[in-house]
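*Asks:* Got a structure for you, questions after.
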Amino acid sequence: MKYQLAFAVLAAAAAAAAIAAPRPVLIASAGSGNCVVTGEVVGLNGRRDNYLSVRAGPGVRERELDRLRSGALVIVCDETASGAWLGIVYNRTGNQDCFIGQTSSLRRPYRGPCRSGWVSSRYIDVNAG
């Protein structure tokens with residue numbers, strides 16, 4: 001009985017960690033078609049929160065990392081299979097190089113100097129790069 005309880009506690013902790021684990025935004029070289037699209041935050045409701053949550057993974061239950069205002073510019077690097085969530089790279093100052101073009105041909109998590117996360121595609125006006 002004691003071991004069953006210990007196992008149940010460990011299993012619950014592992015499940016919670018798996019749920020909380022972020023899904024990194026994957027990038028590759030510009031020649032791969034990855035990270036060549038830019039976008040702008042649009043369509044926010046000015047009467048309510050008036051910000052777009054940047055999340056640790058694709059989904060409203062994922063941890064909020066940041067908040068973007070209308071007009072913020074982003075680089076789209078990843079997306080879910082359904083297209084409902086976009087993996088973005090962005091910076092707050094607008095004058096920092098995110099080093100997107102200096103990546104390898106292999107898709108890997110973005111670890112550059114800028115911020116990254118996931119946003120609902122509904123609020124991003126995508127422009128071809």
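The chains in the structure tokens are called A, B, ... from first to last as shown; in each chain the residues are counted from 1, and the ligands are counted from 1 in the order shown.
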Write out as a list in words which residues come within 7 Å of Pro109 of chain A when counting only C-alpha atoms, dropping same-chain ones fewer than 3 positions away.
*Replies:*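 Near neighbours after the sequence-gap exclusion: Pro24, Val25, Leu26 and Ile27 of chain A.
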*Asks:* Identify which of the residues A:Pro22, A:Gly117, A:Gly71, A:Gly83 lies closest to Leu44 of chain A, counting only C-alpha atoms when measuring atom-to-atom distances.
*Replies:*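 Closest residue, counting only C-alpha atoms: A:Gly71.
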*Asks:* From the list A:Gly39, A:Ile75, A:Ala28, A:Asn127, which residue is nearest Tyr110 of chain A when using only C-alpha atoms?
*Replies:*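 Answer, going by the shortest atom-to-atom distance: A:Ala28.
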*Asks:* Name all residues at most 8 Å from Val54 of chain A (count only C-alpha atoms; drop same-chain ones fewer than 5 positions away) and give them as a list in words.
*Replies:*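 These residues fall inside the cut-off: Glu64, Leu65, Asp66, Arg67, Leu68, Gly117, Trp118 and Val119 of chain A.
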*Asks:* Print the selection's residues with C-alpha atoms to a file, as an mmCIF file, in the first residue's frame.
*Replies:*
data_model
loop_
_atom_site.group_PDB
_atom_site.id
_atom_site.type_symbol
_atom_site.label_atom_id
_atom_site.label_comp_id
_atom_site.auth_asym_id
_atom_site.auth_seq_id
_atom_site.Cartn_x
_atom_site.Cartn_y
_atom_site.Cartn_z
ATOM 1 C CA GLU A 64 1.608 33.350 -19.984
ATOM 2 C CA LEU A 65 5.120 34.647 -20.728
ATOM 3 C CA ASP A 66 4.408 38.154 -21.942
ATOM 4 C CA ARG A 67 1.757 40.497 -23.335
ATOM 5 C CA LEU A 68 1.860 42.261 -26.689
ATOM 6 C CA GLY A 117 6.500 32.088 -27.491
ATOM 7 C CA TRP A 118 3.111 31.111 -28.866
ATOM 8 C CA VAL A 119 0.165 33.333 -29.809
#
*Asks:* Going by DSSP on the backbone, which residues of segment 44-126 of chain A come out as strand (DSSP E)? List them as a VMD selection string.
*Replies:* chain A and resid 52 to 55 64 to 68 73 to 79 85 to 90 108 to 109 115 to 120 124 to 126
*Asks:* Could you tell me which of A:Leu106, A:Val74, A:Val36, A:Cys98 comes closest to Ser121 of chain A if we count only C-alpha atoms?
*Replies:*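 For Ser121 of chain A, the nearest of the given residues is A:Val74.
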*Asks:* Just give me the gap between atom CA of Val37 of chain A and atom CA of Ile88 of chain A in Å, one decimal is fine.
*Replies:* 9.8 Å
